[in-house]
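A.B. asks: Okay, so here is input-v1.cif, and as you'll see once you scroll down, it has mmCIF, C-alpha atoms.
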```
data_upload
#
loop_
_atom_site.label_atom_id
_atom_site.label_comp_id
_atom_site.auth_asym_id
_atom_site.auth_seq_id
_atom_site.Cartn_x
_atom_site.Cartn_y
_atom_site.Cartn_z
CA MET A 1 0.00 0.00 0.00
CA SER A 2 2.82 2.39 0.82
CA VAL A 3 4.20 2.21 -2.72
CA TYR A 4 0.88 3.52 -4.06
CA ILE A 5 1.12 6.45 -1.66
CA LEU A 6 4.66 7.09 -2.89
CA CYS A 7 3.29 7.11 -6.46
CA LEU A 8 0.70 9.67 -5.35
CA ILE A 9 3.44 11.81 -3.79
CA LEU A 10 5.43 11.67 -7.02
CA PHE A 11 2.30 12.65 -8.95
CA CYS A 12 1.75 15.58 -6.59
CA ILE A 13 5.34 16.74 -7.09
CA GLY A 14 4.74 16.80 -10.83
CA LEU A 15 1.43 18.59 -10.39
CA TYR A 16 3.08 21.21 -8.17
CA CYS A 17 5.75 21.65 -10.84
CA VAL A 18 3.14 22.18 -13.57
CA LEU A 19 0.91 24.52 -11.60
CA ARG A 20 3.44 26.59 -9.73
CA LYS A 21 6.51 27.00 -11.89
CA ARG A 22 6.74 29.77 -14.44
CA ASN A 23 9.42 28.45 -16.75
CA ILE A 24 8.05 26.47 -19.68
CA ILE A 25 10.91 23.97 -19.57
CA LYS A 26 10.15 23.25 -15.91
CA ILE A 27 6.49 22.74 -16.79
CA ILE A 28 7.49 20.20 -19.44
CA ILE A 29 9.66 18.41 -16.87
CA GLY A 30 6.70 18.41 -14.48
CA LEU A 31 4.51 16.81 -17.13
CA GLY A 32 7.18 14.15 -17.57
CA ILE A 33 7.18 13.47 -13.83
CA ILE A 34 3.38 13.11 -13.82
CA GLU A 35 3.57 10.69 -16.73
CA TYR A 36 6.19 8.54 -15.03
CA ALA A 37 4.20 8.50 -11.78
CA ILE A 38 1.19 7.14 -13.68
CA ASN A 39 3.35 4.57 -15.46
CA LEU A 40 4.88 3.45 -12.17
CA PHE A 41 1.43 3.11 -10.66
CA PHE A 42 0.24 0.93 -13.53
CA VAL A 43 3.24 -1.35 -13.31
CA LEU A 44 2.86 -1.63 -9.53
CA VAL A 45 -0.81 -2.59 -9.89
CA GLY A 46 0.25 -5.62 -11.90
CA TYR A 47 3.04 -6.57 -9.50
CA ARG A 48 2.81 -9.51 -7.16
CA THR A 49 5.21 -10.33 -4.40
CA HIS A 50 8.32 -12.23 -5.47
CA GLY A 51 7.02 -12.29 -9.02
CA ARG A 52 9.14 -12.99 -12.06
CA ALA A 53 9.32 -10.98 -15.24
CA PRO A 54 6.76 -12.31 -17.71
CA ILE A 55 9.28 -13.69 -20.17
CA LEU A 56 8.97 -17.21 -21.44
CA ALA A 57 12.39 -18.79 -21.69
CA LYS A 58 13.65 -22.29 -22.34
CA ASP A 59 13.35 -24.87 -19.54
CA GLN A 60 11.49 -22.52 -17.25
CA VAL A 61 8.11 -23.27 -15.79
CA ILE A 62 5.46 -20.60 -15.79
CA SER A 63 4.81 -19.81 -12.16
CA ASN A 64 4.37 -16.66 -10.15
CA MET A 65 4.68 -14.17 -12.99
CA VAL A 66 3.77 -10.55 -12.68
CA ASP A 67 0.88 -9.33 -14.80
CA PRO A 68 2.18 -8.48 -18.30
CA ILE A 69 -0.84 -6.46 -19.46
CA PRO A 70 -0.06 -3.25 -17.51
CA GLN A 71 3.50 -3.48 -18.80
CA ALA A 72 2.30 -3.62 -22.41
CA LEU A 73 -0.03 -0.70 -21.69
CA VAL A 74 2.82 1.29 -20.15
CA LEU A 75 4.99 0.62 -23.18
CA THR A 76 2.32 2.22 -25.36
CA SER A 77 2.01 5.05 -22.86
CA ILE A 78 5.76 5.70 -23.03
CA VAL A 79 5.53 6.03 -26.82
CA ILE A 80 2.68 8.52 -26.54
CA GLY A 81 4.58 10.42 -23.85
CA LEU A 82 7.58 10.67 -26.14
CA ALA A 83 5.44 12.19 -28.89
CA VAL A 84 3.74 14.59 -26.48
CA THR A 85 7.10 15.72 -25.07
CA ALA A 86 8.47 16.31 -28.57
CA LEU A 87 5.41 18.37 -29.44
CA LEU A 88 5.72 20.41 -26.24
CA VAL A 89 9.40 21.09 -26.86
CA ALA A 90 8.63 22.21 -30.41
CA ILE A 91 5.94 24.59 -29.11
CA ALA A 92 8.36 25.89 -26.47
CA ILE A 93 11.02 26.59 -29.10
CA ARG A 94 8.45 28.42 -31.21
CA ILE A 95 7.33 30.49 -28.21
CA TYR A 96 10.94 31.39 -27.43
CA GLU A 97 11.45 32.52 -31.01
CA LYS A 98 8.36 34.68 -30.93
CA TYR A 99 8.60 36.23 -27.47
CA GLY A 100 12.24 35.81 -26.48
CA THR A 101 11.43 34.38 -23.07
CA PHE A 102 10.37 31.17 -21.35
CA ASP A 103 8.52 32.95 -18.56
CA ILE A 104 4.79 32.32 -18.94
CA THR A 105 3.80 35.48 -17.12
CA LYS A 106 5.59 37.57 -19.74
CA ILE A 107 4.03 35.74 -22.67
CA ARG A 108 0.91 37.71 -23.26
CA ARG A 109 -0.26 39.92 -25.99
CA LEU A 110 -3.71 40.44 -24.57
CA ARG A 111 -3.26 43.01 -21.86
CA GLY A 112 -6.58 43.44 -20.21
CA MET B 1 39.81 18.02 -36.70
CA LYS B 2 39.97 21.13 -38.86
CA ASN B 3 36.81 22.83 -37.70
CA LYS B 4 37.04 22.49 -33.97
CA GLU B 5 34.05 24.61 -33.15
CA VAL B 6 31.67 22.09 -34.73
CA GLY B 7 30.74 19.35 -32.32
CA MET B 8 32.30 18.40 -29.03
CA THR B 9 35.90 17.82 -27.97
CA LEU B 10 38.38 15.30 -29.34
CA ILE B 11 37.76 12.81 -26.51
CA VAL B 12 34.05 12.69 -27.19
CA LYS B 13 34.62 12.35 -30.93
CA THR B 14 37.04 9.45 -30.51
CA ILE B 15 34.77 7.57 -28.12
CA THR B 16 31.83 8.19 -30.42
CA ARG B 17 33.73 6.84 -33.40
CA LEU B 18 34.45 3.68 -31.43
CA THR B 19 31.00 3.10 -29.98
CA VAL B 20 28.48 4.26 -32.55
CA GLY B 21 28.77 1.12 -34.66
CA LEU B 22 28.34 -1.08 -31.61
CA ILE B 23 25.20 0.80 -30.62
CA LEU B 24 23.79 0.38 -34.13
CA LEU B 25 24.58 -3.35 -34.12
CA TYR B 26 22.99 -3.75 -30.70
CA GLY B 27 19.81 -2.09 -31.96
CA ILE B 28 19.71 -4.43 -34.96
CA TYR B 29 20.22 -7.40 -32.61
CA ILE B 30 17.33 -6.25 -30.42
CA VAL B 31 15.10 -5.94 -33.48
CA LEU B 32 15.99 -9.35 -34.95
CA HIS B 33 15.57 -11.16 -31.61
CA GLY B 34 12.37 -9.29 -30.78
CA HIS B 35 10.18 -12.38 -30.83
CA LEU B 36 12.48 -14.38 -28.55
CA SER B 37 13.71 -11.98 -25.91
CA PRO B 38 12.55 -8.69 -24.41
CA GLY B 39 12.75 -5.80 -26.78
CA GLY B 40 11.31 -5.78 -30.25
CA GLY B 41 10.59 -3.23 -32.90
CA PHE B 42 10.09 -0.18 -30.75
CA ALA B 43 13.02 -0.65 -28.39
CA GLY B 44 15.41 -1.62 -31.19
CA GLY B 45 14.24 1.28 -33.31
CA VAL B 46 14.88 3.69 -30.47
CA ILE B 47 18.40 2.31 -30.04
CA ILE B 48 19.08 2.62 -33.79
CA ALA B 49 17.86 6.21 -33.70
CA LEU B 50 19.99 6.90 -30.62
CA SER B 51 23.11 5.84 -32.49
CA PHE B 52 22.46 8.50 -35.13
CA ILE B 53 21.55 11.06 -32.45
CA HIS B 54 24.82 10.19 -30.70
CA LEU B 55 26.64 10.95 -33.94
CA MET B 56 24.77 14.22 -34.27
CA LEU B 57 25.55 15.31 -30.71
CA ALA B 58 29.24 14.55 -31.02
CA PHE B 59 30.05 15.68 -34.54
CA GLY B 60 27.44 18.33 -35.21
CA LYS B 61 24.42 18.12 -37.40
CA GLU B 62 26.15 18.17 -40.79
CA VAL B 63 27.92 14.84 -40.32
CA ALA B 64 24.84 13.04 -39.08
CA LEU B 65 22.63 14.54 -41.76
CA ARG B 66 25.15 13.46 -44.37
CA LYS B 67 24.81 9.89 -43.12
CA LEU B 68 21.01 10.04 -43.04
CA SER B 69 19.41 13.18 -44.37
CA GLU B 70 15.99 14.25 -43.24
CA SER B 71 14.37 13.47 -46.57
CA TRP B 72 15.76 9.92 -46.38
CA ALA B 73 14.50 9.68 -42.81
CA SER B 74 11.06 10.67 -44.03
CA ILE B 75 11.27 8.06 -46.81
CA PHE B 76 12.31 5.34 -44.35
CA GLU B 77 9.53 6.28 -41.97
CA SER B 78 6.88 6.07 -44.68
CA LEU B 79 8.43 2.83 -45.91
CA GLY B 80 8.10 1.30 -42.45
CA ALA B 81 4.43 2.25 -42.22
CA ILE B 82 3.65 0.92 -45.70
CA MET B 83 5.60 -2.28 -45.03
CA PHE B 84 3.68 -2.94 -41.80
CA LEU B 85 0.35 -2.30 -43.50
CA SER B 86 1.19 -4.46 -46.50
CA ILE B 87 2.27 -7.34 -44.24
CA ALA B 88 -1.04 -7.02 -42.45
CA VAL B 89 -3.03 -6.91 -45.69
CA LEU B 90 -1.08 -9.85 -47.15
CA GLY B 91 -2.68 -11.95 -44.44
CA PHE B 92 -5.86 -11.84 -46.51
CA ILE B 93 -4.39 -14.41 -48.89
CA GLY B 94 -5.02 -16.89 -46.10
CA GLY B 95 -8.27 -15.35 -45.04
CA TYR B 96 -7.54 -13.12 -42.06
CA PHE B 97 -6.09 -9.72 -41.29
CA PHE B 98 -2.59 -10.13 -39.79
CA LEU B 99 -2.56 -13.83 -40.63
CA ASN B 100 0.83 -15.43 -40.17
CA PHE B 101 0.93 -16.72 -43.72
CA PHE B 102 4.47 -18.09 -43.87
CA ILE B 103 4.07 -20.95 -41.47
CA GLN B 104 1.22 -22.64 -39.72
CA LYS B 105 2.75 -23.18 -36.32
CA GLY B 106 6.15 -21.94 -35.25
CA LYS B 107 8.63 -23.64 -32.98
CA PRO B 108 9.36 -21.77 -29.77
CA PHE B 109 12.84 -20.37 -29.04
CA GLU B 110 14.10 -20.63 -32.61
CA LEU B 111 15.26 -17.62 -34.54
CA PHE B 112 13.80 -18.36 -37.98
CA SER B 113 10.51 -19.85 -36.95
CA ALA B 114 8.17 -16.96 -36.41
CA GLY B 115 6.76 -16.16 -39.85
CA ILE B 116 5.81 -12.53 -40.23
CA ILE B 117 6.60 -11.37 -36.70
CA PRO B 118 10.28 -10.47 -37.39
CA LEU B 119 9.17 -8.70 -40.56
CA CYS B 120 6.68 -6.68 -38.52
CA ASN B 121 9.44 -5.91 -36.04
CA ILE B 122 11.71 -4.68 -38.83
CA ALA B 123 8.93 -2.46 -40.17
CA ILE B 124 8.23 -1.01 -36.72
CA SER B 125 11.93 -0.40 -36.12
CA LEU B 126 12.26 1.44 -39.45
CA LYS B 127 9.27 3.60 -38.57
CA VAL B 128 10.36 4.32 -34.99
CA GLY B 129 14.05 4.83 -35.72
CA ALA B 130 13.57 7.13 -38.67
CA GLY B 131 10.75 8.96 -36.92
CA LEU B 132 12.70 9.60 -33.73
CA PHE B 133 15.75 10.74 -35.71
CA ALA B 134 13.53 13.02 -37.79
CA ILE B 135 11.98 14.54 -34.64
CA PHE B 136 15.43 15.26 -33.21
CA ALA B 137 16.77 16.63 -36.50
CA VAL B 138 13.74 18.86 -36.97
CA LEU B 139 14.10 20.22 -33.43
CA ILE B 140 17.72 21.06 -34.20
CA LEU B 141 17.00 22.56 -37.62
CA PHE B 142 14.15 24.60 -36.14
CA ASN B 143 16.39 27.51 -35.17
CA LYS B 144 17.95 27.89 -38.59
CA SER B 145 14.75 27.90 -40.57
CA GLY B 146 12.57 29.73 -38.11
CA ASP B 147 14.17 33.17 -37.88
CA LYS B 148 12.18 35.41 -40.12
#
```
Any chance you could put this one into structure tokens?
C.D. replies:
Amino acid sequence: MSVYILCLILFCIGLYCVLRKRNIIKIIIGLGIIEYAINLFFVLVGYRTHGRAPILAKDQVISNMVDPIPQALVLTSIVIGLAVTALLVAIAIRIYEKYGTFDITKIRRLRG
Amino acid sequence: MKNKEVGMTLIVKTITRLTVGLILLYGIYIVLHGHLSPGGGFAGGVIIALSFIHLMLAFGKEVALRKLSESWASIFESLGAIMFLSIAVLGFIGGYFFLNFFIQKGKPFELFSAGIIPLCNIAISLKVGAGLFAIFAVLILFNKSGDK
């Protein structure tokens, strides 16, 4: 149970980073931390105590494996996270070109 | 060694020249053994792309783009997608989508016994490797083309 709480703490660190920081690069890092907290949670849901990796090898009996389905799901999630991070970095580069800063409080054209 | 400002220092360049081929071979090994051991198309493709990114970080973007230019990366990426789709569609000659049409029943733990699965892995690795390299190259080339 305590590992799930540690996952929640990691998620909250990422959420703090996204909501509180002003630098865009730090926000992207915070999104990465959130993503890895979710991935860790998924893998831990499928874990069982003293389980083996779900790899079928020669002369090895299938017993006490961890659940492979969350791991396959997390693999897909890592791919999507890679694409999202690349997109975010591209948008950040474009914003830096246009405004000359990474500070989100200075990026505003609409002064109201 | 003439243009020292391009790329990193001499130590990094020497180590890169020694290791980049090994990284590429390791990626190809991961791809070809994807149906037997952990790994497969995505992981091997990422390692193949990382070897080119390694080259780009150490020697600067001209050397890496001379090895694999971004138009060739785009061609390889599209080729991987089309190859995966055509393998899937070729299963219709036996009646099903994604039918393993080479063999009926493979033998476990043998390298050449899996039918279309290694071909699918090769297609995925082409797509992932070229795509990841193209993403990195485009992020680097962004600065040059974007200032207007």
A.B. asks: For region 100-103 of chain A, I'd like the enclosing box, axis-aligned and padded by 6 Å on every side, reported as AutoDock Vina command-line options with centre and edge lengths in Å to one decimal.
C.D. replies:
```
--center_x 10.4 --center_y 33.5 --center_z -22.5 --size_x 15.7 --size_y 16.6 --size_z 19.9
```
A.B. asks: Need the shell around region 58-62 of chain B: protein/DNA/RNA residues with any atom at most 7 Å away, counting only C-alpha atoms. Skip same-chain ones fewer than 2 positions apart. Format as a compact mmCIF listing (two decimals) with C-alpha atoms, keeping the file's coordinate frame?
C.D. replies:
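To be explicit, this is the file written out as selection-v4.txt:
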```txt
# COMPACT_ATOMS: atom_id res chain seq x y z
CA VAL B 6 31.67 22.09 -34.73
CA GLY B 7 30.74 19.35 -32.32
CA MET B 8 32.30 18.40 -29.03
CA VAL B 12 34.05 12.69 -27.19
CA LYS B 13 34.62 12.35 -30.93
CA THR B 16 31.83 8.19 -30.42
CA HIS B 54 24.82 10.19 -30.70
CA LEU B 55 26.64 10.95 -33.94
CA MET B 56 24.77 14.22 -34.27
CA ALA B 64 24.84 13.04 -39.08
CA LEU B 65 22.63 14.54 -41.76
CA ARG B 66 25.15 13.46 -44.37
```
A.B. asks: For the contact check between chain B and chain A, emit one row per residue of chain B within 12 Å, containing the shortest atom pair and the distance in Å rounded to one decimal, counting only C-alpha atoms, chain then rising number order, as JSON lines.
C.D. replies:
```
{"residue": "B:Gly34", "atom": "CA", "partner": "A:Ile55", "partner_atom": "CA", "distance": 11.9}
{"residue": "B:His35", "atom": "CA", "partner": "A:Leu56", "partner_atom": "CA", "distance": 10.6}
{"residue": "B:Leu36", "atom": "CA", "partner": "A:Ala57", "partner_atom": "CA", "distance": 8.2}
{"residue": "B:Ser37", "atom": "CA", "partner": "A:Ile55", "partner_atom": "CA", "distance": 7.4}
{"residue": "B:Pro38", "atom": "CA", "partner": "A:Ile55", "partner_atom": "CA", "distance": 7.3}
{"residue": "B:Gly39", "atom": "CA", "partner": "A:Leu75", "partner_atom": "CA", "distance": 10.7}
{"residue": "B:Gly40", "atom": "CA", "partner": "A:Leu75", "partner_atom": "CA", "distance": 11.4}
{"residue": "B:Gly41", "atom": "CA", "partner": "A:Leu75", "partner_atom": "CA", "distance": 11.9}
{"residue": "B:Phe42", "atom": "CA", "partner": "A:Val79", "partner_atom": "CA", "distance": 8.6}
{"residue": "B:Ala43", "atom": "CA", "partner": "A:Leu75", "partner_atom": "CA", "distance": 9.7}
{"residue": "B:Gly45", "atom": "CA", "partner": "A:Val79", "partner_atom": "CA", "distance": 11.9}
{"residue": "B:Val46", "atom": "CA", "partner": "A:Val79", "partner_atom": "CA", "distance": 10.3}
{"residue": "B:Lys107", "atom": "CA", "partner": "A:Lys58", "partner_atom": "CA", "distance": 11.8}
{"residue": "B:Pro108", "atom": "CA", "partner": "A:Lys58", "partner_atom": "CA", "distance": 8.6}
{"residue": "B:Phe109", "atom": "CA", "partner": "A:Lys58", "partner_atom": "CA", "distance": 7.0}
{"residue": "B:Glu110", "atom": "CA", "partner": "A:Lys58", "partner_atom": "CA", "distance": 10.4}
{"residue": "B:Val128", "atom": "CA", "partner": "A:Val79", "partner_atom": "CA", "distance": 9.6}
{"residue": "B:Gly131", "atom": "CA", "partner": "A:Ala83", "partner_atom": "CA", "distance": 10.2}
{"residue": "B:Leu132", "atom": "CA", "partner": "A:Ala83", "partner_atom": "CA", "distance": 9.1}
{"residue": "B:Phe133", "atom": "CA", "partner": "A:Ala86", "partner_atom": "CA", "distance": 11.6}
{"residue": "B:Ala134", "atom": "CA", "partner": "A:Ala86", "partner_atom": "CA", "distance": 11.0}
{"residue": "B:Ile135", "atom": "CA", "partner": "A:Ala86", "partner_atom": "CA", "distance": 7.2}
{"residue": "B:Phe136", "atom": "CA", "partner": "A:Ala86", "partner_atom": "CA", "distance": 8.4}
{"residue": "B:Ala137", "atom": "CA", "partner": "A:Ala86", "partner_atom": "CA", "distance": 11.5}
{"residue": "B:Val138", "atom": "CA", "partner": "A:Ala90", "partner_atom": "CA", "distance": 9.0}
{"residue": "B:Leu139", "atom": "CA", "partner": "A:Ala90", "partner_atom": "CA", "distance": 6.6}
{"residue": "B:Ile140", "atom": "CA", "partner": "A:Ala90", "partner_atom": "CA", "distance": 9.9}
{"residue": "B:Leu141", "atom": "CA", "partner": "A:Ala90", "partner_atom": "CA", "distance": 11.1}
{"residue": "B:Phe142", "atom": "CA", "partner": "A:Ile93", "partner_atom": "CA", "distance": 8.0}
{"residue": "B:Asn143", "atom": "CA", "partner": "A:Ile93", "partner_atom": "CA", "distance": 8.2}
{"residue": "B:Lys144", "atom": "CA", "partner": "A:Glu97", "partner_atom": "CA", "distance": 11.0}
{"residue": "B:Ser145", "atom": "CA", "partner": "A:Glu97", "partner_atom": "CA", "distance": 11.1}
{"residue": "B:Gly146", "atom": "CA", "partner": "A:Glu97", "partner_atom": "CA", "distance": 7.7}
{"residue": "B:Asp147", "atom": "CA", "partner": "A:Glu97", "partner_atom": "CA", "distance": 7.4}
{"residue": "B:Lys148", "atom": "CA", "partner": "A:Glu97", "partner_atom": "CA", "distance": 9.6}
```
A.B. asks: My list of candidates is A:Leu10, A:Ile80, A:Ile107, A:Ile95. Which is closest to Phe41 (chain A) when distances are computed with all atoms listed in the file?
C.D. replies: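 Of A:Leu10, A:Ile80, A:Ile107, A:Ile95, the one nearest Phe41 (chain A) is A:Leu10, counting all atoms listed in the file.
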A.B. asks: List the residues matched by the PyMOL selection byres ((chain B and resi 84) around 9) in the displayed structure as a VMD selection string, ordered by chain and then by residue number.
C.D. replies: chain B and resid 79 to 83 85 to 89 119 to 124
A.B. asks: Need to verify the contact set: Met1 (chain A), 12 Å, only C-alpha atoms, exclusion of same-chain residues closer than 4 positions in sequence. Can you return it as a short mmCIF file (atom, residue, chain, number, x, y, z; two decimals) with C-alpha atoms, in the frame of the given file?
C.D. replies:
```cif
data_model
loop_
_atom_site.label_atom_id
_atom_site.label_comp_id
_atom_site.auth_asym_id
_atom_site.auth_seq_id
_atom_site.Cartn_x
_atom_site.Cartn_y
_atom_site.Cartn_z
CA ILE A 5 1.12 6.45 -1.66
CA LEU A 6 4.66 7.09 -2.89
CA CYS A 7 3.29 7.11 -6.46
CA LEU A 8 0.70 9.67 -5.35
CA PHE A 41 1.43 3.11 -10.66
CA LEU A 44 2.86 -1.63 -9.53
CA VAL A 45 -0.81 -2.59 -9.89
CA TYR A 47 3.04 -6.57 -9.50
#
```
A.B. asks: What is the distance, in Å and to one decimal place, between CA of Cys12 (chain A) and CA of Ser77 (chain A)?
C.D. replies: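 Going from CA of Cys12 (chain A) over to CA of Ser77 (chain A), I get 19.4 Å.
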A.B. asks: Using Å and a single decimal, report how far CA of Gly129 (chain B) sits from CA of Phe76 (chain B).
C.D. replies: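 One can read the CA of Phe76 (chain B) to CA of Gly129 (chain B) distance as 8.8 Å.
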A.B. asks: If I take CA of Gly30 (chain A) and CA of Leu88 (chain A), how far is one from the other in Å, to one decimal?
C.D. replies: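 A separation of 12.0 Å between them.
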A.B. asks: Select all residues near (5.0, -19.2, -11.8) (cut-off 12 Å, inclusive, file coordinates), counting all atoms listed in the file, and output them as a list in words.
C.D. replies: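 I get Arg48, Thr49, His50, Gly51, Arg52, Ala53, Pro54, Ile55, Leu56, Gln60, Val61, Ile62, Ser63, Asn64, Met65, Val66 and Asp67 of chain A for the residues within 12 Å of that point.
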A.B. asks: I'd like the neighbourhood of region 19-21 of chain A as a list in words, where a residue qualifies if any of its atoms comes within 10 Å (using all atoms listed in the file), though same-chain residues fewer than 5 positions away should be ignored.
C.D. replies: Gly14, Lys26, Ile27, Gly30, Asp103 and Ile104 of chain A
A.B. asks: So that I can check the surroundings of Leu25 (chain B), please list as a list in words every protein, DNA and RNA residue that reaches within 12 Å of it, counting only C-alpha atoms and ignoring chain neighbours fewer than 3 positions away.
C.D. replies: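 Non-adjacent residues within range: Thr19, Val20, Gly21, Leu22, Ile28, Tyr29, Ile30, Val31, Leu32, Gly44, Gly45, Ile47, Ile48, Ala49, Leu50 and Ser51 of chain B.
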